[in-house]
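K.L.:
The structure file model_10.txt (compact mmCIF, C-alpha atoms) is provided below.
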# COMPACT_ATOMS: atom_id res chain seq x y z
CA MET A 1 -28.64 45.07 23.88
CA PHE A 2 -25.69 44.13 26.07
CA ASP A 3 -27.17 46.09 28.96
CA ARG A 4 -30.41 44.17 28.69
CA LEU A 5 -28.57 40.85 28.38
CA GLY A 6 -26.44 41.60 31.42
CA ALA A 7 -29.43 42.72 33.45
CA SER A 8 -31.30 39.54 32.47
CA ILE A 9 -28.37 37.31 33.51
CA ILE A 10 -28.00 39.13 36.82
CA ALA A 11 -31.74 38.82 37.48
CA LYS A 12 -31.65 35.07 36.76
CA LEU A 13 -28.66 34.56 39.04
CA ASP A 14 -30.36 36.60 41.74
CA ALA A 15 -33.53 34.51 41.44
CA PHE A 16 -31.50 31.29 41.57
CA GLY A 17 -29.77 32.52 44.71
CA ASP A 18 -33.13 33.23 46.31
CA PHE A 19 -34.28 29.74 45.36
CA VAL A 20 -31.19 28.18 46.94
CA ILE A 21 -31.86 30.11 50.15
CA PHE A 22 -35.50 28.95 50.06
CA VAL A 23 -34.41 25.32 49.57
CA ALA A 24 -31.98 25.58 52.50
CA ALA A 25 -34.64 27.13 54.76
CA THR A 26 -37.18 24.46 53.80
CA ALA A 27 -34.68 21.62 54.33
CA HIS A 28 -33.72 23.03 57.74
CA THR A 29 -37.37 23.25 58.74
CA ILE A 30 -38.11 19.72 57.56
CA LEU A 31 -35.14 18.22 59.39
CA PHE A 32 -35.11 20.25 62.61
CA GLY A 33 -38.63 21.65 62.92
CA MET A 34 -40.67 18.51 62.51
CA ARG A 35 -43.07 19.33 65.33
CA SER A 36 -44.28 22.40 63.49
CA TRP A 37 -45.27 20.74 60.20
CA VAL A 38 -45.94 17.09 60.99
CA GLN A 39 -49.28 17.85 62.67
CA TRP A 40 -51.86 15.58 61.06
CA PRO A 41 -54.52 18.21 60.18
CA ARG A 42 -51.84 20.12 58.31
CA PHE A 43 -49.71 17.30 56.88
CA GLY A 44 -52.40 14.67 56.38
CA ARG A 45 -54.46 16.98 54.18
CA GLN A 46 -51.49 17.41 51.86
CA LEU A 47 -50.84 13.66 51.74
CA TYR A 48 -54.44 13.09 50.67
CA PHE A 49 -54.37 15.87 48.08
CA VAL A 50 -51.01 14.92 46.56
CA GLY A 51 -51.41 11.15 46.70
CA SER A 52 -54.93 9.79 47.00
CA THR A 53 -56.58 12.21 44.60
CA SER A 54 -53.81 11.74 42.00
CA ILE A 55 -53.81 7.93 41.86
CA PRO A 56 -56.78 7.52 39.46
CA VAL A 57 -55.37 9.80 36.75
CA VAL A 58 -51.83 8.40 37.12
CA ALA A 59 -53.09 4.82 37.01
CA LEU A 60 -55.28 5.45 33.97
CA THR A 61 -52.48 7.20 32.11
CA GLY A 62 -50.03 4.42 32.96
CA LEU A 63 -52.47 1.79 31.69
CA PHE A 64 -52.80 3.46 28.30
CA ILE A 65 -49.08 4.20 27.99
CA GLY A 66 -48.27 0.52 28.55
CA ALA A 67 -50.86 -0.49 25.96
CA ILE A 68 -49.53 2.05 23.43
CA LEU A 69 -45.94 0.83 23.85
CA ALA A 70 -47.07 -2.75 23.26
CA ILE A 71 -49.06 -1.80 20.16
CA GLU A 72 -46.24 0.26 18.65
CA GLY A 73 -43.49 -2.25 19.40
CA PHE A 74 -45.16 -5.51 18.41
CA ASP A 75 -44.59 -5.31 14.63
CA GLN A 76 -40.89 -4.54 15.07
CA PHE A 77 -40.36 -7.44 17.46
CA ALA A 78 -42.50 -9.82 15.39
CA SER A 79 -40.39 -9.09 12.30
CA PHE A 80 -37.41 -10.60 14.16
CA GLY A 81 -39.44 -13.42 15.67
CA MET A 82 -38.99 -11.98 19.18
CA GLU A 83 -42.54 -11.01 20.04
CA LYS A 84 -42.36 -13.18 23.15
CA ARG A 85 -39.75 -10.78 24.58
CA LEU A 86 -41.83 -7.68 23.97
CA GLY A 87 -43.34 -7.76 27.45
CA GLY A 88 -39.91 -7.63 29.10
CA VAL A 89 -38.77 -4.66 26.98
CA VAL A 90 -42.01 -2.73 27.53
CA ASN A 91 -42.03 -3.35 31.26
CA ILE A 92 -38.39 -2.48 31.94
CA SER A 93 -38.97 0.79 30.04
CA ILE A 94 -41.98 1.50 32.23
CA VAL A 95 -40.33 0.60 35.53
CA LYS A 96 -37.05 2.45 34.95
CA GLN A 97 -38.12 5.48 32.94
CA ILE A 98 -41.68 5.98 31.84
CA GLY A 99 -43.43 5.20 35.14
CA PRO A 100 -41.42 7.63 37.31
CA VAL A 101 -41.33 10.37 34.67
CA LEU A 102 -45.04 10.00 33.90
CA ALA A 103 -45.96 10.20 37.58
CA ALA A 104 -43.71 13.25 38.00
CA VAL A 105 -45.16 15.09 35.01
CA MET A 106 -48.70 14.38 36.20
CA LEU A 107 -47.74 15.55 39.70
CA ALA A 108 -46.19 18.74 38.30
CA GLY A 109 -49.26 19.48 36.19
CA ARG A 110 -51.96 18.55 38.64
CA VAL A 111 -50.46 19.22 42.07
CA GLY A 112 -47.56 21.59 41.39
CA CYS A 113 -49.68 24.11 39.52
CA SER A 114 -52.35 23.92 42.21
CA LEU A 115 -49.83 24.55 44.99
CA THR A 116 -48.35 27.51 43.13
CA ALA A 117 -51.77 29.04 42.50
CA GLU A 118 -52.82 28.51 46.13
CA LEU A 119 -49.70 30.03 47.63
CA GLY A 120 -49.59 32.76 44.99
CA SER A 121 -53.14 33.79 45.85
CA MET A 122 -52.13 33.98 49.50
CA ARG A 123 -49.21 36.23 48.56
CA VAL A 124 -51.37 38.49 46.41
CA THR A 125 -53.91 38.90 49.22
CA ASP A 126 -51.12 39.58 51.77
CA GLN A 127 -51.90 36.47 53.79
CA LEU A 128 -48.22 35.48 53.84
CA ASP A 129 -47.26 38.86 55.29
CA ALA A 130 -50.01 38.53 57.87
CA MET A 131 -48.59 35.15 58.92
CA ARG A 132 -45.15 36.69 59.38
CA VAL A 133 -46.62 39.48 61.49
CA LEU A 134 -48.20 36.82 63.71
CA ALA A 135 -44.80 35.06 64.01
CA ALA A 136 -45.96 32.10 61.88
CA ASP A 137 -43.23 31.27 59.38
CA PRO A 138 -44.86 30.47 56.00
CA VAL A 139 -42.01 28.10 55.14
CA ARG A 140 -42.69 26.09 58.28
CA VAL A 141 -46.48 26.19 58.09
CA LEU A 142 -47.07 26.05 54.33
CA ALA A 143 -44.00 24.94 52.36
CA ALA A 144 -42.60 22.13 54.52
CA PRO A 145 -45.71 19.90 54.66
CA ARG A 146 -46.32 20.34 50.93
CA VAL A 147 -42.74 19.50 49.95
CA VAL A 148 -42.66 16.45 52.20
CA ALA A 149 -46.04 15.28 50.89
CA CYS A 150 -44.81 15.50 47.29
CA THR A 151 -41.62 13.63 48.19
CA VAL A 152 -43.35 10.90 50.17
CA MET A 153 -46.34 10.26 47.90
CA ILE A 154 -44.71 10.27 44.47
CA PRO A 155 -43.18 6.77 44.97
CA VAL A 156 -46.71 5.54 45.64
CA LEU A 157 -47.89 7.19 42.43
CA THR A 158 -44.93 5.67 40.59
CA VAL A 159 -45.83 2.18 41.80
CA ALA A 160 -49.43 2.70 40.65
CA SER A 161 -48.22 3.93 37.26
CA ASN A 162 -45.83 0.97 36.92
CA LEU A 163 -48.43 -1.64 37.81
CA CYS A 164 -51.02 -0.22 35.45
CA GLY A 165 -48.45 0.15 32.66
CA VAL A 166 -47.44 -3.49 33.03
CA LEU A 167 -51.12 -4.47 33.03
CA GLY A 168 -51.78 -2.43 29.89
CA GLY A 169 -48.89 -4.10 28.07
CA TRP A 170 -50.09 -7.53 29.18
CA LEU A 171 -53.60 -6.94 27.90
CA ILE A 172 -52.34 -5.95 24.44
CA VAL A 173 -49.57 -8.53 24.04
CA VAL A 174 -51.57 -11.47 25.36
CA PHE A 175 -55.14 -10.81 24.29
CA MET A 176 -54.63 -8.79 21.10
CA HIS A 177 -51.51 -10.45 19.68
CA GLY A 178 -51.88 -13.92 21.15
CA VAL A 179 -48.54 -14.19 22.96
CA SER A 180 -48.58 -16.68 25.80
CA SER A 181 -49.13 -15.12 29.22
CA ASP A 182 -46.41 -17.39 30.63
CA ASP A 183 -43.90 -16.02 28.11
CA TYR A 184 -44.93 -12.46 28.91
CA TRP A 185 -44.27 -12.87 32.64
CA HIS A 186 -41.19 -15.06 32.12
CA PHE A 187 -39.38 -12.43 30.06
CA THR A 188 -40.63 -9.67 32.33
CA GLU A 189 -38.95 -11.46 35.23
CA ALA A 190 -35.81 -12.02 33.14
CA PHE A 191 -35.56 -8.35 32.13
CA ILE A 192 -36.46 -6.66 35.42
CA GLY A 193 -34.36 -7.03 38.55
CA TRP A 194 -34.75 -5.55 42.01
CA PHE A 195 -32.32 -2.74 41.17
CA ASP A 196 -34.47 -1.67 38.20
CA VAL A 197 -37.45 -1.17 40.51
CA PHE A 198 -35.22 0.61 43.02
CA ASN A 199 -33.87 2.75 40.18
CA GLY A 200 -37.30 4.12 39.30
CA LEU A 201 -38.32 4.74 42.91
CA VAL A 202 -35.11 6.66 43.69
CA LYS A 203 -35.71 8.90 40.70
CA SER A 204 -39.28 9.55 41.78
CA VAL A 205 -38.16 10.79 45.21
CA PHE A 206 -35.92 13.42 43.62
CA PHE A 207 -38.66 14.35 41.17
CA GLY A 208 -41.17 14.86 43.98
CA ALA A 209 -38.81 17.00 46.05
CA ALA A 210 -37.98 19.19 43.04
CA ILE A 211 -41.65 19.65 42.13
CA GLY A 212 -42.65 20.57 45.68
CA LEU A 213 -39.79 23.04 46.12
CA ILE A 214 -40.29 24.72 42.75
CA ALA A 215 -44.07 24.98 43.17
CA CYS A 216 -43.83 26.51 46.66
CA TYR A 217 -41.06 28.90 45.67
CA LYS A 218 -42.96 30.16 42.64
CA GLY A 219 -46.04 30.67 44.79
CA PHE A 220 -44.11 32.60 47.43
CA THR A 221 -42.46 34.87 44.85
CA CYS A 222 -45.24 35.40 42.30
CA GLY A 223 -46.07 38.85 41.00
CA ARG A 224 -49.05 40.93 42.00
CA GLY A 225 -52.51 40.44 40.60
CA ALA A 226 -54.19 37.62 38.73
CA GLN A 227 -51.64 37.93 35.93
CA GLY A 228 -48.79 37.34 38.38
CA VAL A 229 -50.43 34.20 39.75
CA GLY A 230 -51.05 32.85 36.25
CA LYS A 231 -47.48 33.55 35.18
CA ALA A 232 -46.08 31.89 38.31
CA THR A 233 -48.24 28.81 37.72
CA THR A 234 -46.99 28.47 34.15
CA GLU A 235 -43.38 28.98 35.22
CA ALA A 236 -43.77 26.39 37.97
CA PHE A 237 -44.85 23.70 35.52
CA VAL A 238 -42.25 24.54 32.86
CA THR A 239 -39.42 24.73 35.41
CA SER A 240 -40.55 21.48 37.05
CA PHE A 241 -40.63 19.70 33.70
CA VAL A 242 -37.11 20.89 32.84
CA ALA A 243 -35.91 19.86 36.29
CA ILE A 244 -37.46 16.39 35.84
CA VAL A 245 -35.64 15.89 32.53
CA ILE A 246 -32.27 17.06 33.91
CA ILE A 247 -32.57 15.01 37.11
CA ASN A 248 -33.58 11.97 35.09
CA LEU A 249 -30.53 12.34 32.83
CA VAL A 250 -28.11 12.64 35.75
CA LEU A 251 -29.63 9.83 37.81
CA ALA A 252 -29.95 7.52 34.79
CA LYS A 253 -26.20 7.71 34.24
CA LEU A 254 -25.35 7.47 37.94
CA LEU A 255 -27.68 4.58 38.74
CA ASN A 256 -26.71 2.62 35.62
CA ASP A 257 -23.05 2.95 36.62
CA ILE A 258 -23.89 1.70 40.11
CA ASP A 259 -25.79 -1.24 38.64
CA PHE A 260 -22.82 -2.05 36.40
CA PHE A 261 -20.49 -1.92 39.41
CA LEU A 262 -22.75 -4.18 41.52
CA ARG A 263 -22.69 -6.76 38.72
CA GLY A 264 -18.91 -6.77 38.84
CA GLY A 265 -18.50 -5.06 35.48
CA GLU A 266 -20.47 -7.69 33.60
CA LEU A 267 -23.07 -6.86 30.98
CA ARG A 268 -26.62 -7.97 31.65
CA SER A 269 -27.90 -11.07 29.93
CA PHE A 270 -31.60 -11.55 29.25
CA GLY A 271 -32.81 -15.11 29.20
Could you express the structure from this file as structure tokens?
P.N.:
Amino acid sequence: MFDRLGASIIAKLDAFGDFVIFVAATAHTILFGMRSWVQWPRFGRQLYFVGSTSIPVVALTGLFIGAILAIEGFDQFASFGMEKRLGGVVNISIVKQIGPVLAAVMLAGRVGCSLTAELGSMRVTDQLDAMRVLAADPVRVLAAPRVVACTVMIPVLTVASNLCGVLGGWLIVVFMHGVSSDDYWHFTEAFIGWFDVFNGLVKSVFFGAAIGLIACYKGFTCGRGAQGVGKATTEAFVTSFVAIVIINLVLAKLLNDIDFFLRGGELRSFG
């Protein structure tokens, strides 16, 4: 039992070391080998796949999430006579947490799994080895444009998710529960500051980078056969989701402390 446990720990550490090396190689290529991956036929295709094709599903999901939050929270706020403030609470939750996390989870499920399956199929069919034989580095040609596309486009997806979430909450609070539209937007403005919007967008950048790196790494290192590709795809999504949660926890604490410092150590007041 101890032998198996030790071998498992060593294997995990070895895999993590390989991932760190992959991240370093990808970062070096992105920063110092821009000419090789920024070509529009190669990079533009990834921007379209990651961003444009993902906006409808992210926007639709954000719309319904905002509506659900408004429906679930109205009775609690109405019992205290504070239903007018519901819009501000719903929208700050969307902008700071739900919007970025929702966009990241959708990106991990829709795009991350697709990237892993695509690159894994190329590994299984020895296309990656063929590229190396032809002196074409797969990290430069395949990984770099995909990672950058995920990092660049996820803030756009986050903005779409935020806007639709705010719209969904507005539709429920104003038209279903009869709260004044002026009150909804007044308290939304009172609750949400520029740093709250910046907070969510900063998180989304880290989410996108993590998803792109994990998806490409799992594709490059998947096992042989269809079973190996399927396993790598599953691992890519699960690992990305765990990474999203951990990154969100760390950045939530860090960014909230920065916000507190910028306000001179004063607690926020909501008018």
K.L.:
Show me, as JSON lines, the residues of region 64-143 of chain A having an atom within 6 Å of region 157-169 of chain A, each with the closest atom pair and its distance in Å, using all atoms listed in the file.
P.N.:
{"residue": "A:Gly66", "atom": "CA", "partner": "A:Gly165", "partner_atom": "CA", "distance": 4.1}
{"residue": "A:Ala67", "atom": "CA", "partner": "A:Gly168", "partner_atom": "CA", "distance": 4.5}
{"residue": "A:Ala70", "atom": "CA", "partner": "A:Gly169", "partner_atom": "CA", "distance": 5.3}
{"residue": "A:Asn91", "atom": "CA", "partner": "A:Val166", "partner_atom": "CA", "distance": 5.7}
{"residue": "A:Val95", "atom": "CA", "partner": "A:Asn162", "partner_atom": "CA", "distance": 5.7}
{"residue": "A:Gly99", "atom": "CA", "partner": "A:Asn162", "partner_atom": "CA", "distance": 5.2}
{"residue": "A:Pro100", "atom": "CA", "partner": "A:Thr158", "partner_atom": "CA", "distance": 5.2}
{"residue": "A:Ala103", "atom": "CA", "partner": "A:Thr158", "partner_atom": "CA", "distance": 5.5}
K.L.:
Would you please work out which residue, of A:Gly120, A:Gly112, A:Gly178, A:Pro155, is nearest to Ile214 (chain A) when using all atoms listed in the file?
P.N.:
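When distances to Ile214 (chain A) are compared using all atoms listed in the file, the smallest one comes from A:Gly112.
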K.L.:
Rounded to one decimal in Å, what is the spacing between CA of Pro145 (chain A) and CA of Gly109 (chain A)?
P.N.:
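Separation between CA of Pro145 (chain A) and CA of Gly109 (chain A): 18.8 Å.
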K.L.:
Got a sec: who's within 9 Å of Arg146 (chain A), counting only C-alpha atoms, leaving out chain neighbours fewer than 6 positions off, as a list in words?
P.N.:
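Skipping anything fewer than 6 positions along the chain leaves Phe43, Gln46, Leu47, Val50, Leu115, Gly212, Leu213 and Cys216 of chain A.
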K.L.:
Write out as a ChimeraX atom specification which residues come within 7 Å of region 88-90 of chain A when counting only C-alpha atoms, dropping same-chain ones fewer than 2 positions away.
P.N.:
/A:69-70,85-86,92-94,184,187-188,191
K.L.:
Between A:His186, A:Gly33, A:Ile244, A:Val133, single out the one closest to Ser204 (chain A), counting all atoms listed in the file.
P.N.:
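Of all the options, A:Ile244 lies closest to Ser204 (chain A).
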K.L.:
Check which residues of region 158-232 of chain A sit at most 12 Å from region 6-30 of chain A using only C-alpha atoms, and return one row each with the closest pair of atoms and their distance in Å to one decimal, ordered by chain and rising number, as CSV.
P.N.:
residue,atom,partner,partner_atom,distance
A:Ala209,CA,A:Val23,CA,10.0
A:Ala210,CA,A:Val23,CA,9.6
A:Ile211,CA,A:Val23,CA,11.8
A:Gly212,CA,A:Val23,CA,10.3
A:Leu213,CA,A:Val23,CA,6.8
A:Ile214,CA,A:Phe19,CA,8.3
A:Ala215,CA,A:Phe19,CA,11.1
A:Cys216,CA,A:Phe22,CA,9.3
A:Tyr217,CA,A:Phe19,CA,6.8
A:Lys218,CA,A:Phe19,CA,9.1
A:Gly219,CA,A:Phe19,CA,11.8
A:Phe220,CA,A:Phe22,CA,9.7
A:Thr221,CA,A:Ala15,CA,9.6
A:Cys222,CA,A:Ala15,CA,11.8
K.L.:
May I have the selected residues written with C-alpha atoms, as an mmCIF file, in the frame of the given file?
P.N.:
data_model
loop_
_atom_site.group_PDB
_atom_site.id
_atom_site.type_symbol
_atom_site.label_atom_id
_atom_site.label_comp_id
_atom_site.auth_asym_id
_atom_site.auth_seq_id
_atom_site.Cartn_x
_atom_site.Cartn_y
_atom_site.Cartn_z
ATOM 1 C CA ALA A 209 -38.810 17.000 46.050
ATOM 2 C CA ALA A 210 -37.980 19.190 43.040
ATOM 3 C CA ILE A 211 -41.650 19.650 42.130
ATOM 4 C CA GLY A 212 -42.650 20.570 45.680
ATOM 5 C CA LEU A 213 -39.790 23.040 46.120
ATOM 6 C CA ILE A 214 -40.290 24.720 42.750
ATOM 7 C CA ALA A 215 -44.070 24.980 43.170
ATOM 8 C CA CYS A 216 -43.830 26.510 46.660
ATOM 9 C CA TYR A 217 -41.060 28.900 45.670
ATOM 10 C CA LYS A 218 -42.960 30.160 42.640
ATOM 11 C CA GLY A 219 -46.040 30.670 44.790
ATOM 12 C CA PHE A 220 -44.110 32.600 47.430
ATOM 13 C CA THR A 221 -42.460 34.870 44.850
ATOM 14 C CA CYS A 222 -45.240 35.400 42.300
#
K.L.:
Could the residues of region 36-131 of chain A that have an atom at most 12 Å from region 250-258 of chain A be listed as CSV, each with its closest atom pair and the distance in Å to one decimal, counting only C-alpha atoms and ordered by chain and ascending residue number?
P.N.:
residue,atom,partner,partner_atom,distance
A:Lys96,CA,A:Ala252,CA,8.7
A:Gln97,CA,A:Ala252,CA,8.6
A:Pro100,CA,A:Ala252,CA,11.7
A:Val101,CA,A:Ala252,CA,11.7
K.L.:
Using all atoms listed in the file, determine which residues lie at most 12 Å from Arg42 (chain A), disregarding the query and same-chain residues fewer than 2 positions distant; provide the list as a compact mmCIF listing (two decimals) with C-alpha atoms, in the coordinates of the input.
P.N.:
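Final output, saved to result_36.txt:
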# COMPACT_ATOMS: atom_id res chain seq x y z
CA ARG A 35 -43.07 19.33 65.33
CA SER A 36 -44.28 22.40 63.49
CA TRP A 37 -45.27 20.74 60.20
CA VAL A 38 -45.94 17.09 60.99
CA GLN A 39 -49.28 17.85 62.67
CA TRP A 40 -51.86 15.58 61.06
CA GLY A 44 -52.40 14.67 56.38
CA ARG A 45 -54.46 16.98 54.18
CA GLN A 46 -51.49 17.41 51.86
CA LEU A 47 -50.84 13.66 51.74
CA TYR A 48 -54.44 13.09 50.67
CA PHE A 49 -54.37 15.87 48.08
CA ARG A 140 -42.69 26.09 58.28
CA VAL A 141 -46.48 26.19 58.09
CA LEU A 142 -47.07 26.05 54.33
CA ALA A 143 -44.00 24.94 52.36
CA ALA A 144 -42.60 22.13 54.52
CA PRO A 145 -45.71 19.90 54.66
CA ARG A 146 -46.32 20.34 50.93
CA VAL A 148 -42.66 16.45 52.20
CA ALA A 149 -46.04 15.28 50.89
K.L.:
For region 140-171 of chain A, which lacks atoms in the input, supply N, CA and C atoms and format the output as a PDB file, keeping the file's coordinate frame.
P.N.:
ATOM      1  N   ARG A 140     -42.414  27.161  57.319  1.00  0.00           N
ATOM      2  CA  ARG A 140     -42.690  26.090  58.280  1.00  0.00           C
ATOM      3  C   ARG A 140     -44.131  25.610  58.188  1.00  0.00           C
ATOM      4  N   VAL A 141     -45.056  26.541  58.049  1.00  0.00           N
ATOM      5  CA  VAL A 141     -46.480  26.190  58.090  1.00  0.00           C
ATOM      6  C   VAL A 141     -46.992  25.707  56.732  1.00  0.00           C
ATOM      7  N   LEU A 142     -46.510  26.320  55.648  1.00  0.00           N
ATOM      8  CA  LEU A 142     -47.070  26.050  54.330  1.00  0.00           C
ATOM      9  C   LEU A 142     -46.156  25.214  53.434  1.00  0.00           C
ATOM     10  N   ALA A 143     -44.890  25.592  53.334  1.00  0.00           N
ATOM     11  CA  ALA A 143     -44.000  24.940  52.360  1.00  0.00           C
ATOM     12  C   ALA A 143     -43.582  23.547  52.813  1.00  0.00           C
ATOM     13  N   ALA A 144     -43.151  23.411  54.064  1.00  0.00           N
ATOM     14  CA  ALA A 144     -42.600  22.130  54.520  1.00  0.00           C
ATOM     15  C   ALA A 144     -43.566  20.962  54.359  1.00  0.00           C
ATOM     16  N   PRO A 145     -44.812  21.056  54.837  1.00  0.00           N
ATOM     17  CA  PRO A 145     -45.710  19.900  54.660  1.00  0.00           C
ATOM     18  C   PRO A 145     -46.005  19.580  53.214  1.00  0.00           C
ATOM     19  N   ARG A 146     -46.040  20.585  52.346  1.00  0.00           N
ATOM     20  CA  ARG A 146     -46.320  20.340  50.930  1.00  0.00           C
ATOM     21  C   ARG A 146     -45.135  19.675  50.239  1.00  0.00           C
ATOM     22  N   VAL A 147     -43.926  20.113  50.546  1.00  0.00           N
ATOM     23  CA  VAL A 147     -42.740  19.500  49.950  1.00  0.00           C
ATOM     24  C   VAL A 147     -42.594  18.056  50.397  1.00  0.00           C
ATOM     25  N   VAL A 148     -42.784  17.820  51.692  1.00  0.00           N
ATOM     26  CA  VAL A 148     -42.660  16.450  52.200  1.00  0.00           C
ATOM     27  C   VAL A 148     -43.752  15.554  51.607  1.00  0.00           C
ATOM     28  N   ALA A 149     -44.954  16.076  51.471  1.00  0.00           N
ATOM     29  CA  ALA A 149     -46.040  15.280  50.890  1.00  0.00           C
ATOM     30  C   ALA A 149     -45.724  14.890  49.459  1.00  0.00           C
ATOM     31  N   CYS A 150     -45.193  15.826  48.670  1.00  0.00           N
ATOM     32  CA  CYS A 150     -44.810  15.500  47.290  1.00  0.00           C
ATOM     33  C   CYS A 150     -43.707  14.453  47.259  1.00  0.00           C
ATOM     34  N   THR A 151     -42.740  14.570  48.160  1.00  0.00           N
ATOM     35  CA  THR A 151     -41.620  13.630  48.190  1.00  0.00           C
ATOM     36  C   THR A 151     -42.044  12.247  48.631  1.00  0.00           C
ATOM     37  N   VAL A 152     -42.936  12.183  49.602  1.00  0.00           N
ATOM     38  CA  VAL A 152     -43.350  10.900  50.170  1.00  0.00           C
ATOM     39  C   VAL A 152     -44.343  10.172  49.255  1.00  0.00           C
ATOM     40  N   MET A 153     -45.252  10.903  48.648  1.00  0.00           N
ATOM     41  CA  MET A 153     -46.340  10.260  47.900  1.00  0.00           C
ATOM     42  C   MET A 153     -45.995   9.923  46.457  1.00  0.00           C
ATOM     43  N   ILE A 154     -44.985  10.566  45.870  1.00  0.00           N
ATOM     44  CA  ILE A 154     -44.710  10.270  44.470  1.00  0.00           C
ATOM     45  C   ILE A 154     -44.201   8.838  44.248  1.00  0.00           C
ATOM     46  N   PRO A 155     -43.473   8.202  45.189  1.00  0.00           N
ATOM     47  CA  PRO A 155     -43.180   6.770  44.970  1.00  0.00           C
ATOM     48  C   PRO A 155     -44.438   5.921  44.910  1.00  0.00           C
ATOM     49  N   VAL A 156     -45.450   6.275  45.695  1.00  0.00           N
ATOM     50  CA  VAL A 156     -46.710   5.540  45.640  1.00  0.00           C
ATOM     51  C   VAL A 156     -47.363   5.716  44.267  1.00  0.00           C
ATOM     52  N   LEU A 157     -47.350   6.937  43.766  1.00  0.00           N
ATOM     53  CA  LEU A 157     -47.890   7.190  42.430  1.00  0.00           C
ATOM     54  C   LEU A 157     -47.087   6.462  41.357  1.00  0.00           C
ATOM     55  N   THR A 158     -45.780   6.385  41.546  1.00  0.00           N
ATOM     56  CA  THR A 158     -44.930   5.670  40.590  1.00  0.00           C
ATOM     57  C   THR A 158     -45.265   4.185  40.569  1.00  0.00           C
ATOM     58  N   VAL A 159     -45.465   3.598  41.735  1.00  0.00           N
ATOM     59  CA  VAL A 159     -45.830   2.180  41.800  1.00  0.00           C
ATOM     60  C   VAL A 159     -47.170   1.942  41.093  1.00  0.00           C
ATOM     61  N   ALA A 160     -48.129   2.824  41.321  1.00  0.00           N
ATOM     62  CA  ALA A 160     -49.430   2.700  40.650  1.00  0.00           C
ATOM     63  C   ALA A 160     -49.264   2.816  39.140  1.00  0.00           C
ATOM     64  N   SER A 161     -48.456   3.763  38.691  1.00  0.00           N
ATOM     65  CA  SER A 161     -48.220   3.930  37.260  1.00  0.00           C
ATOM     66  C   SER A 161     -47.530   2.707  36.673  1.00  0.00           C
ATOM     67  N   ASN A 162     -46.536   2.160  37.393  1.00  0.00           N
ATOM     68  CA  ASN A 162     -45.830   0.970  36.920  1.00  0.00           C
ATOM     69  C   ASN A 162     -46.758  -0.231  36.780  1.00  0.00           C
ATOM     70  N   LEU A 163     -47.537  -0.481  37.820  1.00  0.00           N
ATOM     71  CA  LEU A 163     -48.430  -1.640  37.810  1.00  0.00           C
ATOM     72  C   LEU A 163     -49.453  -1.548  36.675  1.00  0.00           C
ATOM     73  N   CYS A 164     -50.020  -0.383  36.509  1.00  0.00           N
ATOM     74  CA  CYS A 164     -51.020  -0.220  35.450  1.00  0.00           C
ATOM     75  C   CYS A 164     -50.378  -0.268  34.073  1.00  0.00           C
ATOM     76  N   GLY A 165     -49.153   0.240  33.943  1.00  0.00           N
ATOM     77  CA  GLY A 165     -48.450   0.150  32.660  1.00  0.00           C
ATOM     78  C   GLY A 165     -48.151  -1.289  32.288  1.00  0.00           C
ATOM     79  N   VAL A 166     -47.693  -2.072  33.272  1.00  0.00           N
ATOM     80  CA  VAL A 166     -47.440  -3.490  33.030  1.00  0.00           C
ATOM     81  C   VAL A 166     -48.736  -4.209  32.662  1.00  0.00           C
ATOM     82  N   LEU A 167     -49.818  -3.868  33.346  1.00  0.00           N
ATOM     83  CA  LEU A 167     -51.120  -4.470  33.030  1.00  0.00           C
ATOM     84  C   LEU A 167     -51.573  -4.114  31.621  1.00  0.00           C
ATOM     85  N   GLY A 168     -51.394  -2.847  31.228  1.00  0.00           N
ATOM     86  CA  GLY A 168     -51.780  -2.430  29.890  1.00  0.00           C
ATOM     87  C   GLY A 168     -51.006  -3.165  28.813  1.00  0.00           C
ATOM     88  N   GLY A 169     -49.686  -3.335  29.024  1.00  0.00           N
ATOM     89  CA  GLY A 169     -48.890  -4.100  28.070  1.00  0.00           C
ATOM     90  C   GLY A 169     -49.320  -5.556  28.000  1.00  0.00           C
ATOM     91  N   TRP A 170     -49.641  -6.132  29.138  1.00  0.00           N
ATOM     92  CA  TRP A 170     -50.090  -7.530  29.180  1.00  0.00           C
ATOM     93  C   TRP A 170     -51.390  -7.729  28.422  1.00  0.00           C
ATOM     94  N   LEU A 171     -52.319  -6.814  28.586  1.00  0.00           N
ATOM     95  CA  LEU A 171     -53.600  -6.940  27.900  1.00  0.00           C
ATOM     96  C   LEU A 171     -53.419  -6.931  26.377  1.00  0.00           C
TER      97      LEU A 171
END
